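Student: Have a look at this one before I ask anything.
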There are 2 protein chains.
Amino acid sequence: MNFIGNPPFGESADRGIPDATVARLPVYLRALTALRDRGVVTCSSNELAEQVGVNPAKLRKDLSYLGSYGTRGVGYEVDFLLHQIAREIGQTQDWNIAIVGVGHLGTALSSYQGFTTRGIRVAALVDAHPERIGQTVSGITVTSLADLGATVAEQSVAIGIIATPGEAAQEVADALVDAGVTSILNFAPALVQVPDGVDVRQVDLSIELQILAYHEQRKTQGDAAALGRAEGAIG
Amino acid sequence: MNFIGNPPFGESADRGIPDATVARLPVYLRALTALRDRGVVTCSSNELAEQVGVNPAKLRKDLSYLGSYGTRGVGYEVDFLLHQIAREIGQTQDWNIAIVGVGHLGTALSSYQGFTTRGIRVAALVDAHPERIGQTVSGITVTSLADLGATVAEQSVAIGIIATPGEAAQEVADALVDAGVTSILNFAPALVQVPDGVDVRQVDLSIELQILAYHEQRKTQGDAAALGRAEGAIG
DNA sequence: TTCGTTTTGTTCTTTAGTTCACAAACTCGT
DNA sequence: ACGAGTTTGTGAACTAAAGAACAAAACGAA
């Protein structure tokens, strides 16, 4: 996994579901939702695995961590399995999130359709710039970073999103932690330090592109890159 | 790690640098750039590793795939190492990207500062909606999805970004592939099918949040989830 | 030069994750 | 009821990645 700083997740590893599996459960959930919406009642691990592009054995093993929810010779009941996964990843309750940084990205996130259908409610928009505070974006009034503690408490915010420039990321992370938020999704191109017990996931747009660029280069240049590397190692 | 459909990368795995390492190189690059900007000339694997939050041994091993660019007893010359990594991941040339879907997210991406400083140039904005075509966003005139082939050729687009709703993702991916694009970054909440030789990276905002929500749930509920799971397996 | 210190590069060990392969369990037709 | 055909759940083999540990190589001081 693109994955710097994402996988470990200290405490949960020692008794729960493997991190790699947890990362795939939401994908299964999406595929199952699509199947249900098409009226499909039952499906085999082969069908579902092909839908999401994974090995069927891996899918079955992933599901087996949740329990024995399939029927041999038949497959999985779509609606039932859907609820089991939803329960496991906490989608039976709504999660209130606060987006800090109401620039282009923050605005885009605030109106992202994918959230509402997945139990994620944008409960607060927060910014540090006086000219933005008080504005209404996507139907939500932007509040001040200084009031973050109160906002988090009032709105029962469980997850914070950092959508600021890199320079502000650490300051915002500190403010979120102070406010009692223990899960942070960081879109800023900066690594933030947080105390134990706080989970941070890093989504880095330019790094994703750089990874693609690496592979693109290898495709277009053929093995020139490998040759260059070999020479460099010798000289 | 987070990662459905991201790690494999068929062809490049069999002779090149491990995927996990490739995913970290851009992070090292960023840290080295920061060090250089602060005037740091040389640094040890320990210092750099702490900066980016990885194990020093892992960092050294990662760098060793590129060649022997350090000096024992001294460390790495920041500027030199920076150039070696930049060359390896293809940052010595500029990459032209096309963003398809000029909604909130596409607009946010088109003005994302992180791109320009990393050799990524937004060369084209493309949309299917007639009312958006011809508009100027972030200094770029939006062109029609129907003209994608010409746009890609004229602007030498190497990488395509899908920033449309999920429903349009496959259609856009097909159009990009038809236009000759072989690297795609997909922000739409949908899995797209592409022929061999085309790389797709999936960035899924709500899935990242769902993964956080899973861990958040386990923190707040204590071991209630584990108990529930055990009961379910028995009954 | 020679010794002591530092830090890399790399081998070895351990852990995590993936894939295979097959017995167990279910359905359906006869 | 029984056999043929499916499909799950999982032990075992395999692969990739992470981490520990240390020899080799550089530097600086005496």
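Each chain in the structure tokens gets a letter, A, B, ..., in the order shown, and its residues are numbered from 1; ligands are numbered from 1 in order too.
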If you count only C-alpha atoms (C1' of nucleotides), which residues fall within 8 Å of Leu82 of chain B, apart from same-chain ones fewer than 3 positions away, as a list in words?

Tutor: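 Counting only the stated atoms, we get Leu29, Leu32, Thr33, Val78, Asp79, Ile85 and Ala86 of chain B.
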
Student: Using the selection just defined, write its residues with N, CA and C atoms as an mmCIF file, in the first residue's frame.

Tutor:
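Once everything was written out, this is selection-v5.cif:
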```cif
data_model
loop_
_atom_site.group_PDB
_atom_site.id
_atom_site.type_symbol
_atom_site.label_atom_id
_atom_site.label_comp_id
_atom_site.auth_asym_id
_atom_site.auth_seq_id
_atom_site.Cartn_x
_atom_site.Cartn_y
_atom_site.Cartn_z
ATOM 1 N N LEU B 29 11.836 12.038 -1.314
ATOM 2 C CA LEU B 29 12.145 13.189 -2.161
ATOM 3 C C LEU B 29 11.647 14.476 -1.512
ATOM 4 N N LEU B 32 13.834 15.356 1.444
ATOM 5 C CA LEU B 32 15.144 15.850 1.012
ATOM 6 C C LEU B 32 15.038 17.274 0.478
ATOM 7 N N THR B 33 13.974 17.549 -0.250
ATOM 8 C CA THR B 33 13.764 18.900 -0.755
ATOM 9 C C THR B 33 13.665 19.889 0.400
ATOM 10 N N VAL B 78 22.683 15.496 0.442
ATOM 11 C CA VAL B 78 21.266 15.772 0.210
ATOM 12 C C VAL B 78 20.973 16.049 -1.260
ATOM 13 N N ASP B 79 21.716 16.975 -1.837
ATOM 14 C CA ASP B 79 21.414 17.402 -3.194
ATOM 15 C C ASP B 79 21.634 16.274 -4.209
ATOM 16 N N ILE B 85 17.067 10.227 -6.800
ATOM 17 C CA ILE B 85 15.691 9.763 -6.627
ATOM 18 C C ILE B 85 14.792 10.393 -7.687
ATOM 19 N N ALA B 86 14.993 11.698 -7.912
ATOM 20 C CA ALA B 86 14.182 12.398 -8.908
ATOM 21 C C ALA B 86 14.324 11.721 -10.275
#
```

Student: Could you list, with a cut-off of 10 Å and counting only C-alpha atoms (C1' of nucleotides), the residues of chain C near chain A, each shown with its nearest atom pair and the distance in Å rounded to one decimal, rows sorted by chain and ascending number, as CSV?

Tutor:
```
residue,atom,partner,partner_atom,distance
C:DA16,C1',A:Pro18,CA,8.7
C:DG17,C1',A:Ala20,CA,7.7
C:DT18,C1',A:Lys58,CA,7.1
C:DT19,C1',A:Ala57,CA,7.3
C:DC20,C1',A:Ala57,CA,8.7
C:DA24,C1',A:Arg72,CA,8.7
C:DA25,C1',A:Arg72,CA,5.7
C:DC26,C1',A:Gly73,CA,5.0
C:DT27,C1',A:Gly73,CA,6.7
```

Student: Keeping C-alpha atoms (C1' of nucleotides) for every residue in the selection just given, could you write it to a file as an mmCIF file, in the first residue's frame?

Tutor:
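Below you can see again_11.cif, which holds the result:
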```cif
data_model
loop_
_atom_site.group_PDB
_atom_site.id
_atom_site.type_symbol
_atom_site.label_atom_id
_atom_site.label_comp_id
_atom_site.auth_asym_id
_atom_site.auth_seq_id
_atom_site.Cartn_x
_atom_site.Cartn_y
_atom_site.Cartn_z
ATOM 1 C "C1'" DA C 16 2.450 -10.284 7.187
ATOM 2 C "C1'" DG C 17 -0.051 -11.248 3.216
ATOM 3 C "C1'" DT C 18 -1.350 -13.990 -0.899
ATOM 4 C "C1'" DT C 19 -2.474 -18.022 -3.360
ATOM 5 C "C1'" DC C 20 -3.302 -22.876 -3.784
ATOM 6 C "C1'" DA C 24 -16.755 -30.290 4.381
ATOM 7 C "C1'" DA C 25 -21.272 -28.881 3.448
ATOM 8 C "C1'" DC C 26 -24.969 -27.594 0.818
ATOM 9 C "C1'" DT C 27 -28.505 -28.071 -3.463
#
```

Student: As a PyMOL selection string, please: all residues of segment 113-151 of chain A that backbone DSSP puts in alpha helix (DSSP H).

Tutor: chain A and resi 113-116+148-151

Student: Please produce a file of the residues just selected, as a compact mmCIF listing (two decimals), in the first residue's frame, where the atoms kept are C-alpha atoms.

Tutor:
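Produced file selection.txt, reproduced below:
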```
# COMPACT_ATOMS: atom_id res chain seq x y z
CA GLN A 113 -21.57 12.66 -2.84
CA GLY A 114 -19.70 9.53 -1.91
CA PHE A 115 -19.79 10.49 1.76
CA THR A 116 -23.48 10.76 2.51
CA LEU A 148 -12.60 23.91 17.14
CA GLY A 149 -12.95 22.44 20.62
CA ALA A 150 -16.51 23.69 20.96
CA THR A 151 -17.40 22.67 17.40
```

Student: What residues in chain D have any atom no more than 6 Å from chain A when counting only C-alpha atoms (C1' of nucleotides), and can you write them as a PDB file with N, CA and C atoms (P, O5', C5', C4', C3', O3' and C1' of nucleotides), in the first residue's frame?

Tutor:
```
ATOM      1  P    DT D   6     -21.246 -27.844 -12.079  1.00  0.00           P
ATOM      2  O5'  DT D   6     -21.415 -26.716 -10.973  1.00  0.00           O
ATOM      3  C5'  DT D   6     -21.252 -27.091  -9.627  1.00  0.00           C
ATOM      4  C4'  DT D   6     -21.942 -26.093  -8.739  1.00  0.00           C
ATOM      5  C3'  DT D   6     -21.055 -24.905  -8.411  1.00  0.00           C
ATOM      6  O3'  DT D   6     -21.847 -23.775  -8.132  1.00  0.00           O
ATOM      7  C1'  DT D   6     -21.239 -26.346  -6.516  1.00  0.00           C
ATOM      8  P    DT D   7     -21.179 -22.319  -8.082  1.00  0.00           P
ATOM      9  O5'  DT D   7     -20.673 -22.245  -6.569  1.00  0.00           O
ATOM     10  C5'  DT D   7     -21.636 -22.210  -5.520  1.00  0.00           C
ATOM     11  C4'  DT D   7     -20.904 -22.191  -4.201  1.00  0.00           C
ATOM     12  C3'  DT D   7     -19.678 -21.264  -4.156  1.00  0.00           C
ATOM     13  O3'  DT D   7     -19.717 -20.533  -2.954  1.00  0.00           O
ATOM     14  C1'  DT D   7     -19.101 -23.388  -3.411  1.00  0.00           C
ATOM     15  P    DT D   8     -18.652 -19.370  -2.654  1.00  0.00           P
ATOM     16  O5'  DT D   8     -18.401 -19.694  -1.120  1.00  0.00           O
ATOM     17  C5'  DT D   8     -19.527 -19.817  -0.265  1.00  0.00           C
ATOM     18  C4'  DT D   8     -19.190 -20.729   0.901  1.00  0.00           C
ATOM     19  C3'  DT D   8     -18.163 -20.140   1.860  1.00  0.00           C
ATOM     20  O3'  DT D   8     -18.676 -20.221   3.183  1.00  0.00           O
ATOM     21  C1'  DT D   8     -17.466 -22.297   1.110  1.00  0.00           C
TER      22       DT D   8
END
```

Student: One decimal, Å: what's the distance from atom C1' of DA25 of chain D over to atom C1' of DT5 of chain C, could you say?

Tutor: 12.3 Å

Student: If we count only C-alpha atoms (C1' of nucleotides), what is near DG3 of chain D at a cut-off of 12 Å, once residues fewer than 5 positions away on the same chain are taken out, given as a PyMOL selection string?

Tutor: chain C and resi 28-30

Student: Do you have the atom CA of Leu105 of chain B-atom CA of Gln217 of chain B distance handy?

Tutor: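 Distance reported for this atom pair: 28.5 Å.
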
Student: So what do you get for atom C1' of DA18 of chain D versus atom C1' of DT15 of chain C, distance-wise?

Tutor: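 Atom-to-atom, atom C1' of DA18 of chain D and atom C1' of DT15 of chain C are spaced 7.4 Å apart.
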
Student: So which bits of segment 10-223 of chain B end up strand (DSSP E or B) when you DSSP the backbone, as a VMD selection string?

Tutor: chain B and resid 42 to 43 70 to 71 75 to 77 95 to 100 120 to 127 136 to 137 140 to 144 159 to 162 183 to 186 199 to 202

Student: Can you spit out the residues from that selection as a tab-separated table (two decimals), in the first residue's frame, using C-alpha atoms?

Tutor:
```tsv
chain	number	residue	atom	x	y	z
B	42	THR	CA	24.45	16.10	4.25
B	43	CYS	CA	22.28	13.81	6.34
B	70	GLY	CA	25.83	7.18	0.45
B	71	THR	CA	29.21	7.41	2.13
B	75	GLY	CA	25.73	9.78	5.31
B	76	TYR	CA	24.09	11.01	2.14
B	77	GLU	CA	24.73	14.23	0.28
B	95	TRP	CA	4.56	15.12	-16.86
B	96	ASN	CA	1.51	16.49	-18.58
B	97	ILE	CA	-1.78	15.43	-17.09
B	98	ALA	CA	-5.36	15.78	-18.20
B	99	ILE	CA	-8.10	16.14	-15.62
B	100	VAL	CA	-11.41	14.77	-16.80
B	120	ILE	CA	3.37	17.70	-12.84
B	121	ARG	CA	1.71	20.09	-15.26
B	122	VAL	CA	-2.04	20.24	-15.69
B	123	ALA	CA	-2.13	20.38	-19.47
B	124	ALA	CA	-5.83	19.92	-20.10
B	125	LEU	CA	-9.22	20.11	-18.42
B	126	VAL	CA	-11.90	17.99	-20.03
B	127	ASP	CA	-15.60	17.69	-19.37
B	136	THR	CA	-11.67	28.91	-18.23
B	137	VAL	CA	-10.72	27.22	-14.95
B	140	ILE	CA	-7.08	26.52	-18.70
B	141	THR	CA	-9.92	26.31	-21.21
B	142	VAL	CA	-12.12	23.28	-20.67
B	143	THR	CA	-12.36	21.09	-23.77
B	144	SER	CA	-14.88	18.46	-24.74
B	159	ILE	CA	-1.41	10.65	-17.30
B	160	GLY	CA	-5.17	11.02	-17.02
B	161	ILE	CA	-7.11	11.87	-13.89
B	162	ILE	CA	-10.71	10.80	-13.53
B	183	SER	CA	-1.57	5.74	-16.67
B	184	ILE	CA	-4.77	6.71	-14.91
B	185	LEU	CA	-5.44	8.09	-11.46
B	186	ASN	CA	-9.05	7.43	-10.57
B	199	ASP	CA	-1.90	1.27	-14.90
B	200	VAL	CA	-4.71	2.53	-12.72
B	201	ARG	CA	-4.34	3.87	-9.23
B	202	GLN	CA	-7.48	4.23	-7.22
```

Student: Residues near DC12 of chain C, anyone? I mean within 12 Å using only C-alpha atoms (C1' of nucleotides), not counting same-chain ones fewer than 3 positions away, as number ranges by chain.

Tutor: D: 19-22
